[in-house]
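Only one structure is covered here, and it is reproduced in the block below.
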Amino acid sequence: MAWLSVLNRMSTMYRVVKWSQGSNEVCVLCKNASESRSHLFFECNFSAQVWEFIAKGLLCISFTTVWSEIITIISDKTREKKNLLCIRYAFQAVLYALWRERNKLKHGDKGLSLDVLKELLKRAFVTESV
Ligand SMILES: [Zn+2]
């Protein structure tokens with residue numbers, strides 16, 4: 001999934017409307033902008049808060065919500081190994097959680113609140129790293 005995102009091959013609504021005209025292009029997480037990859041990851045207000053909650057401590061002053069900058073960071077082999085591993089793990093975990101959440105909302109299911117989603121991710125992170 002992360003690889004598809006890097007290639008911009010995810011079925012974001014920004015792409016879907018190009019082959020399925022009349023589809024609703026609006027982001028279901030914030031209902032405030034076109035759902036492009038860079039919006040969903042992590043310019044969207046909802047996504048940005050989840051990403052910040054998980055990644056800010058790892059990225060410190062290099063924290064960003066800009067897709068291209070994040071890709072540069074996770075591709076930087078000069079970064080300290082453990083830190084890089086954690087950032088990559090956080091990136092994939094947040095990407096997956098947001099995409100799952102987006103799909104739930106897209107199919108009419110009830111979404112999780114921002115706080116619940118953050119808590120679930122935090123728990124996944126703590127459990128995995130112990
Ligand atoms: Zn949004």
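Labels used: A, B, ... for chains in the order of the structure tokens, numbers from 1 for residues in each chain, and numbers from 1 for ligands as shown.
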Please give me, as a PDB file with all heavy atoms, in the first residue's frame, the residues lying within 8 Å of ligand 1 when counting only C-alpha atoms and all ligand atoms.
ATOM      1  N   VAL A  26     -14.650  14.904  -3.090  1.00  0.00           N
ATOM      2  CA  VAL A  26     -14.338  15.538  -1.804  1.00  0.00           C
ATOM      3  C   VAL A  26     -13.816  14.523  -0.772  1.00  0.00           C
ATOM      4  O   VAL A  26     -14.327  13.417  -0.659  1.00  0.00           O
ATOM      5  CB  VAL A  26     -15.594  16.269  -1.249  1.00  0.00           C
ATOM      6  CG1 VAL A  26     -15.347  16.827   0.141  1.00  0.00           C
ATOM      7  CG2 VAL A  26     -15.998  17.378  -2.203  1.00  0.00           C
ATOM      8  N   CYS A  27     -12.805  14.916  -0.056  1.00  0.00           N
ATOM      9  CA  CYS A  27     -12.196  14.098   1.002  1.00  0.00           C
ATOM     10  C   CYS A  27     -13.242  13.798   2.078  1.00  0.00           C
ATOM     11  O   CYS A  27     -13.880  14.715   2.593  1.00  0.00           O
ATOM     12  CB  CYS A  27     -11.015  14.869   1.605  1.00  0.00           C
ATOM     13  SG  CYS A  27     -10.363  14.160   3.123  1.00  0.00           S
ATOM     14  N   VAL A  28     -13.398  12.498   2.400  1.00  0.00           N
ATOM     15  CA  VAL A  28     -14.414  12.126   3.391  1.00  0.00           C
ATOM     16  C   VAL A  28     -13.942  12.374   4.831  1.00  0.00           C
ATOM     17  O   VAL A  28     -14.745  12.381   5.748  1.00  0.00           O
ATOM     18  CB  VAL A  28     -14.855  10.640   3.262  1.00  0.00           C
ATOM     19  CG1 VAL A  28     -15.711  10.422   2.037  1.00  0.00           C
ATOM     20  CG2 VAL A  28     -13.672   9.688   3.303  1.00  0.00           C
ATOM     21  N   LEU A  29     -12.651  12.584   4.996  1.00  0.00           N
ATOM     22  CA  LEU A  29     -12.128  12.799   6.346  1.00  0.00           C
ATOM     23  C   LEU A  29     -12.389  14.229   6.833  1.00  0.00           C
ATOM     24  O   LEU A  29     -12.710  14.449   7.994  1.00  0.00           O
ATOM     25  CB  LEU A  29     -10.635  12.490   6.400  1.00  0.00           C
ATOM     26  CG  LEU A  29     -10.235  11.037   6.088  1.00  0.00           C
ATOM     27  CD1 LEU A  29      -8.717  10.887   6.071  1.00  0.00           C
ATOM     28  CD2 LEU A  29     -10.842  10.085   7.113  1.00  0.00           C
ATOM     29  N   CYS A  30     -12.241  15.203   5.932  1.00  0.00           N
ATOM     30  CA  CYS A  30     -12.445  16.604   6.338  1.00  0.00           C
ATOM     31  C   CYS A  30     -13.606  17.263   5.592  1.00  0.00           C
ATOM     32  O   CYS A  30     -14.084  18.312   6.014  1.00  0.00           O
ATOM     33  CB  CYS A  30     -11.166  17.413   6.131  1.00  0.00           C
ATOM     34  SG  CYS A  30     -10.765  17.650   4.382  1.00  0.00           S
ATOM     35  N   LYS A  31     -14.039  16.659   4.506  1.00  0.00           N
ATOM     36  CA  LYS A  31     -15.108  17.191   3.643  1.00  0.00           C
ATOM     37  C   LYS A  31     -14.815  18.612   3.194  1.00  0.00           C
ATOM     38  O   LYS A  31     -15.692  19.455   3.065  1.00  0.00           O
ATOM     39  CB  LYS A  31     -16.471  17.123   4.359  1.00  0.00           C
ATOM     40  CG  LYS A  31     -16.854  15.704   4.696  1.00  0.00           C
ATOM     41  CD  LYS A  31     -18.094  15.658   5.567  1.00  0.00           C
ATOM     42  CE  LYS A  31     -18.444  14.243   5.982  1.00  0.00           C
ATOM     43  NZ  LYS A  31     -17.466  13.631   6.890  1.00  0.00           N
ATOM     44  N   ASN A  32     -13.557  18.887   2.962  1.00  0.00           N
ATOM     45  CA  ASN A  32     -13.144  20.269   2.748  1.00  0.00           C
ATOM     46  C   ASN A  32     -12.245  20.493   1.540  1.00  0.00           C
ATOM     47  O   ASN A  32     -11.885  21.617   1.249  1.00  0.00           O
ATOM     48  CB  ASN A  32     -12.434  20.754   4.023  1.00  0.00           C
ATOM     49  CG  ASN A  32     -12.620  22.210   4.271  1.00  0.00           C
ATOM     50  OD1 ASN A  32     -13.559  22.819   3.746  1.00  0.00           O
ATOM     51  ND2 ASN A  32     -11.735  22.800   5.053  1.00  0.00           N
ATOM     52  N   ALA A  33     -11.834  19.404   0.868  1.00  0.00           N
ATOM     53  CA  ALA A  33     -10.904  19.560  -0.258  1.00  0.00           C
ATOM     54  C   ALA A  33     -10.968  18.331  -1.150  1.00  0.00           C
ATOM     55  O   ALA A  33     -11.530  17.309  -0.763  1.00  0.00           O
ATOM     56  CB  ALA A  33      -9.481  19.735   0.281  1.00  0.00           C
ATOM     57  N   SER A  34     -10.387  18.450  -2.336  1.00  0.00           N
ATOM     58  CA  SER A  34     -10.307  17.324  -3.252  1.00  0.00           C
ATOM     59  C   SER A  34      -9.379  16.257  -2.654  1.00  0.00           C
ATOM     60  O   SER A  34      -8.324  16.586  -2.114  1.00  0.00           O
ATOM     61  CB  SER A  34      -9.746  17.815  -4.592  1.00  0.00           C
ATOM     62  OG  SER A  34      -9.443  16.715  -5.409  1.00  0.00           O
ATOM     63  N   GLU A  35      -9.800  14.988  -2.782  1.00  0.00           N
ATOM     64  CA  GLU A  35      -9.031  13.909  -2.174  1.00  0.00           C
ATOM     65  C   GLU A  35      -7.901  13.452  -3.085  1.00  0.00           C
ATOM     66  O   GLU A  35      -7.997  12.473  -3.811  1.00  0.00           O
ATOM     67  CB  GLU A  35      -9.955  12.726  -1.830  1.00  0.00           C
ATOM     68  CG  GLU A  35      -9.267  11.671  -0.987  1.00  0.00           C
ATOM     69  CD  GLU A  35      -9.956  10.327  -1.105  1.00  0.00           C
ATOM     70  OE1 GLU A  35      -9.894   9.705  -2.188  1.00  0.00           O
ATOM     71  OE2 GLU A  35     -10.572   9.915  -0.124  1.00  0.00           O
ATOM     72  N   HIS A  39      -3.206  15.461  -0.390  1.00  0.00           N
ATOM     73  CA  HIS A  39      -4.185  15.948   0.583  1.00  0.00           C
ATOM     74  C   HIS A  39      -4.406  14.893   1.663  1.00  0.00           C
ATOM     75  O   HIS A  39      -4.317  15.188   2.855  1.00  0.00           O
ATOM     76  CB  HIS A  39      -5.514  16.301  -0.087  1.00  0.00           C
ATOM     77  CG  HIS A  39      -6.551  16.658   0.931  1.00  0.00           C
ATOM     78  ND1 HIS A  39      -6.583  17.882   1.551  1.00  0.00           N
ATOM     79  CD2 HIS A  39      -7.540  15.925   1.498  1.00  0.00           C
ATOM     80  CE1 HIS A  39      -7.554  17.895   2.440  1.00  0.00           C
ATOM     81  NE2 HIS A  39      -8.154  16.716   2.427  1.00  0.00           N
ATOM     82  N   LEU A  40      -4.667  13.670   1.205  1.00  0.00           N
ATOM     83  CA  LEU A  40      -4.960  12.592   2.155  1.00  0.00           C
ATOM     84  C   LEU A  40      -3.767  12.320   3.064  1.00  0.00           C
ATOM     85  O   LEU A  40      -3.920  12.043   4.249  1.00  0.00           O
ATOM     86  CB  LEU A  40      -5.336  11.341   1.351  1.00  0.00           C
ATOM     87  CG  LEU A  40      -6.151  10.254   2.020  1.00  0.00           C
ATOM     88  CD1 LEU A  40      -7.434  10.798   2.640  1.00  0.00           C
ATOM     89  CD2 LEU A  40      -6.486   9.167   1.013  1.00  0.00           C
ATOM     90  N   GLU A  43      -1.856  16.557   4.135  1.00  0.00           N
ATOM     91  CA  GLU A  43      -2.259  17.967   4.170  1.00  0.00           C
ATOM     92  C   GLU A  43      -3.658  18.133   4.761  1.00  0.00           C
ATOM     93  O   GLU A  43      -4.012  19.204   5.242  1.00  0.00           O
ATOM     94  CB  GLU A  43      -2.208  18.565   2.761  1.00  0.00           C
ATOM     95  CG  GLU A  43      -0.786  18.734   2.261  1.00  0.00           C
ATOM     96  CD  GLU A  43      -0.705  19.016   0.765  1.00  0.00           C
ATOM     97  OE1 GLU A  43      -1.750  19.193   0.119  1.00  0.00           O
ATOM     98  OE2 GLU A  43       0.430  19.038   0.257  1.00  0.00           O
ATOM     99  N   CYS A  44      -4.460  17.074   4.683  1.00  0.00           N
ATOM    100  CA  CYS A  44      -5.809  17.083   5.263  1.00  0.00           C
ATOM    101  C   CYS A  44      -5.707  17.378   6.763  1.00  0.00           C
ATOM    102  O   CYS A  44      -4.850  16.828   7.454  1.00  0.00           O
ATOM    103  CB  CYS A  44      -6.442  15.713   5.043  1.00  0.00           C
ATOM    104  SG  CYS A  44      -8.024  15.493   5.854  1.00  0.00           S
ATOM    105  N   ASN A  45      -6.586  18.215   7.248  1.00  0.00           N
ATOM    106  CA  ASN A  45      -6.538  18.594   8.659  1.00  0.00           C
ATOM    107  C   ASN A  45      -6.640  17.373   9.581  1.00  0.00           C
ATOM    108  O   ASN A  45      -5.914  17.265  10.573  1.00  0.00           O
ATOM    109  CB  ASN A  45      -7.665  19.593   8.954  1.00  0.00           C
ATOM    110  CG  ASN A  45      -7.599  20.111  10.363  1.00  0.00           C
ATOM    111  OD1 ASN A  45      -6.523  20.454  10.849  1.00  0.00           O
ATOM    112  ND2 ASN A  45      -8.728  20.138  11.035  1.00  0.00           N
ATOM    113  N   PHE A  46      -7.516  16.437   9.234  1.00  0.00           N
ATOM    114  CA  PHE A  46      -7.697  15.220  10.038  1.00  0.00           C
ATOM    115  C   PHE A  46      -6.421  14.375   9.994  1.00  0.00           C
ATOM    116  O   PHE A  46      -5.861  14.000  11.027  1.00  0.00           O
ATOM    117  CB  PHE A  46      -8.894  14.422   9.488  1.00  0.00           C
ATOM    118  CG  PHE A  46      -9.257  13.210  10.301  1.00  0.00           C
ATOM    119  CD1 PHE A  46     -10.199  13.286  11.321  1.00  0.00           C
ATOM    120  CD2 PHE A  46      -8.670  11.970  10.030  1.00  0.00           C
ATOM    121  CE1 PHE A  46     -10.542  12.161  12.067  1.00  0.00           C
ATOM    122  CE2 PHE A  46      -9.004  10.843  10.768  1.00  0.00           C
ATOM    123  CZ  PHE A  46      -9.946  10.934  11.789  1.00  0.00           C
ATOM    124  N   SER A  47      -5.940  14.102   8.780  1.00  0.00           N
ATOM    125  CA  SER A  47      -4.734  13.275   8.594  1.00  0.00           C
ATOM    126  C   SER A  47      -3.509  13.901   9.255  1.00  0.00           C
ATOM    127  O   SER A  47      -2.707  13.199   9.872  1.00  0.00           O
ATOM    128  CB  SER A  47      -4.416  13.117   7.106  1.00  0.00           C
ATOM    129  OG  SER A  47      -5.501  12.604   6.426  1.00  0.00           O
TER     130      SER A  47
END
Discussion item. I need the residues in chain A that are alpha helix (DSSP H) according to DSSP; give them as a PyMOL selection string.
Written reply: chain A and resi 2-6+13-19+37-38+45-59+67-74+81-106+114-129
With a distance cut-off of 9 Å and only C-alpha atoms, select the neighbouring residues of range 50-67 of chain A, excluding the residue or stretch itself and same-chain residues fewer than 3 positions from it, and output the selection as a JSON list (two decimals) with N, CA, C and O atoms, in the first residue's frame.
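After the write, result14.json holds the following:
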[["chain", "number", "residue", "atom", "x", "y", "z"],
["A", 37, "ARG", "N", -3.65, 12.43, -3.34],
["A", 37, "ARG", "CA", -2.72, 11.73, -2.45],
["A", 37, "ARG", "C", -2.11, 12.68, -1.43],
["A", 37, "ARG", "O", -2.09, 12.39, -0.22],
["A", 38, "SER", "N", -1.62, 13.83, -1.91],
["A", 38, "SER", "CA", -0.95, 14.74, -0.97],
["A", 38, "SER", "C", -1.94, 15.36, 0.02],
["A", 38, "SER", "O", -1.57, 15.70, 1.14],
["A", 39, "HIS", "N", -3.21, 15.46, -0.39],
["A", 39, "HIS", "CA", -4.19, 15.95, 0.58],
["A", 39, "HIS", "C", -4.41, 14.89, 1.66],
["A", 39, "HIS", "O", -4.32, 15.19, 2.86],
["A", 41, "PHE", "N", -2.55, 12.39, 2.49],
["A", 41, "PHE", "CA", -1.32, 12.12, 3.25],
["A", 41, "PHE", "C", -0.38, 13.31, 3.16],
["A", 41, "PHE", "O", 0.48, 13.33, 2.31],
["A", 42, "PHE", "N", -0.35, 14.30, 3.98],
["A", 42, "PHE", "CA", -1.09, 14.51, 5.18],
["A", 42, "PHE", "C", -1.51, 15.97, 5.29],
["A", 42, "PHE", "O", -1.46, 16.54, 6.35],
["A", 43, "GLU", "N", -1.86, 16.56, 4.13],
["A", 43, "GLU", "CA", -2.26, 17.97, 4.17],
["A", 43, "GLU", "C", -3.66, 18.13, 4.76],
["A", 43, "GLU", "O", -4.01, 19.20, 5.24],
["A", 44, "CYS", "N", -4.46, 17.07, 4.68],
["A", 44, "CYS", "CA", -5.81, 17.08, 5.26],
["A", 44, "CYS", "C", -5.71, 17.38, 6.76],
["A", 44, "CYS", "O", -4.85, 16.83, 7.45],
["A", 45, "ASN", "N", -6.59, 18.21, 7.25],
["A", 45, "ASN", "CA", -6.54, 18.59, 8.66],
["A", 45, "ASN", "C", -6.64, 17.37, 9.58],
["A", 45, "ASN", "O", -5.91, 17.27, 10.57],
["A", 46, "PHE", "N", -7.52, 16.44, 9.23],
["A", 46, "PHE", "CA", -7.70, 15.22, 10.04],
["A", 46, "PHE", "C", -6.42, 14.37, 9.99],
["A", 46, "PHE", "O", -5.86, 14.00, 11.03],
["A", 47, "SER", "N", -5.94, 14.10, 8.78],
["A", 47, "SER", "CA", -4.73, 13.28, 8.59],
["A", 47, "SER", "C", -3.51, 13.90, 9.26],
["A", 47, "SER", "O", -2.71, 13.20, 9.87],
["A", 70, "ILE", "N", 8.39, 14.16, 3.14],
["A", 70, "ILE", "CA", 8.35, 12.92, 3.93],
["A", 70, "ILE", "C", 9.07, 11.80, 3.17],
["A", 70, "ILE", "O", 9.85, 11.04, 3.75],
["A", 71, "ILE", "N", 8.81, 11.73, 1.87],
["A", 71, "ILE", "CA", 9.46, 10.70, 1.05],
["A", 71, "ILE", "C", 10.98, 10.89, 1.07],
["A", 71, "ILE", "O", 11.74, 9.93, 1.16],
["A", 72, "THR", "N", 11.42, 12.15, 1.01],
["A", 72, "THR", "CA", 12.85, 12.44, 1.08],
["A", 72, "THR", "C", 13.42, 11.95, 2.41],
["A", 72, "THR", "O", 14.48, 11.31, 2.46],
["A", 73, "ILE", "N", 12.68, 12.20, 3.49],
["A", 73, "ILE", "CA", 13.15, 11.80, 4.82],
["A", 73, "ILE", "C", 13.24, 10.27, 4.93],
["A", 73, "ILE", "O", 14.25, 9.74, 5.38],
["A", 83, "ASN", "N", 16.11, 5.29, 14.13],
["A", 83, "ASN", "CA", 15.19, 6.40, 13.89],
["A", 83, "ASN", "C", 14.51, 6.22, 12.53],
["A", 83, "ASN", "O", 13.30, 6.36, 12.41],
["A", 84, "LEU", "N", 15.29, 5.86, 11.54],
["A", 84, "LEU", "CA", 14.76, 5.66, 10.19],
["A", 84, "LEU", "C", 13.74, 4.52, 10.16],
["A", 84, "LEU", "O", 12.66, 4.62, 9.57],
["A", 86, "CYS", "N", 11.92, 3.47, 12.67],
["A", 86, "CYS", "CA", 10.71, 3.92, 13.37],
["A", 86, "CYS", "C", 9.88, 4.86, 12.50],
["A", 86, "CYS", "O", 8.65, 4.76, 12.47],
["A", 87, "ILE", "N", 10.54, 5.76, 11.79],
["A", 87, "ILE", "CA", 9.83, 6.70, 10.92],
["A", 87, "ILE", "C", 9.12, 5.93, 9.80],
["A", 87, "ILE", "O", 7.95, 6.18, 9.52],
["A", 90, "ALA", "N", 6.18, 4.11, 11.30],
["A", 90, "ALA", "CA", 5.12, 5.07, 11.61],
["A", 90, "ALA", "C", 4.41, 5.51, 10.33],
["A", 90, "ALA", "O", 3.17, 5.57, 10.28],
["A", 91, "PHE", "N", 5.17, 5.77, 9.31],
["A", 91, "PHE", "CA", 4.63, 6.20, 8.01],
["A", 91, "PHE", "C", 3.66, 5.15, 7.48],
["A", 91, "PHE", "O", 2.53, 5.45, 7.10],
["A", 94, "VAL", "N", 0.45, 4.79, 9.80],
["A", 94, "VAL", "CA", -0.49, 5.91, 9.68],
["A", 94, "VAL", "C", -1.17, 5.89, 8.31],
["A", 94, "VAL", "O", -2.38, 6.09, 8.19],
["A", 95, "LEU", "N", -0.39, 5.60, 7.28],
["A", 95, "LEU", "CA", -0.94, 5.49, 5.93],
["A", 95, "LEU", "C", -2.07, 4.45, 5.89],
["A", 95, "LEU", "O", -3.16, 4.71, 5.39],
["A", 98, "LEU", "N", -5.19, 5.51, 8.01],
["A", 98, "LEU", "CA", -5.98, 6.57, 7.36],
["A", 98, "LEU", "C", -6.73, 6.04, 6.14],
["A", 98, "LEU", "O", -7.88, 6.40, 5.90],
["A", 114, "LEU", "N", -11.10, 11.21, 15.98],
["A", 114, "LEU", "CA", -9.67, 11.50, 15.90],
["A", 114, "LEU", "C", -8.93, 10.92, 17.11],
["A", 114, "LEU", "O", -7.89, 10.28, 16.96],
["A", 115, "ASP", "N", -9.50, 11.11, 18.28],
["A", 115, "ASP", "CA", -8.85, 10.63, 19.50],
["A", 115, "ASP", "C", -8.73, 9.11, 19.55],
["A", 115, "ASP", "O", -7.70, 8.58, 19.97],
["A", 117, "LEU", "N", -8.70, 7.03, 16.97],
["A", 117, "LEU", "CA", -7.74, 6.62, 15.95],
["A", 117, "LEU", "C", -6.30, 6.82, 16.44],
["A", 117, "LEU", "O", -5.45, 5.94, 16.29],
["A", 118, "LYS", "N", -6.05, 7.96, 17.04],
["A", 118, "LYS", "CA", -4.70, 8.24, 17.59],
["A", 118, "LYS", "C", -4.33, 7.20, 18.65],
["A", 118, "LYS", "O", -3.22, 6.69, 18.65],
["A", 121, "LEU", "N", -3.48, 3.78, 17.13],
["A", 121, "LEU", "CA", -2.16, 3.81, 16.51],
["A", 121, "LEU", "C", -1.06, 3.80, 17.57],
["A", 121, "LEU", "O", -0.06, 3.12, 17.43],
["A", 122, "LYS", "N", -1.27, 4.57, 18.60],
["A", 122, "LYS", "CA", -0.28, 4.64, 19.67],
["A", 122, "LYS", "C", -0.07, 3.26, 20.28],
["A", 122, "LYS", "O", 1.05, 2.82, 20.48],
["A", 125, "PHE", "N", 1.80, 0.97, 18.03],
["A", 125, "PHE", "CA", 3.21, 1.35, 18.02],
["A", 125, "PHE", "C", 3.93, 0.85, 19.25],
["A", 125, "PHE", "O", 5.01, 0.28, 19.16]]
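CA of Gly111 in chain A sits 24.9 Å away from CA of Trp3 in chain A.
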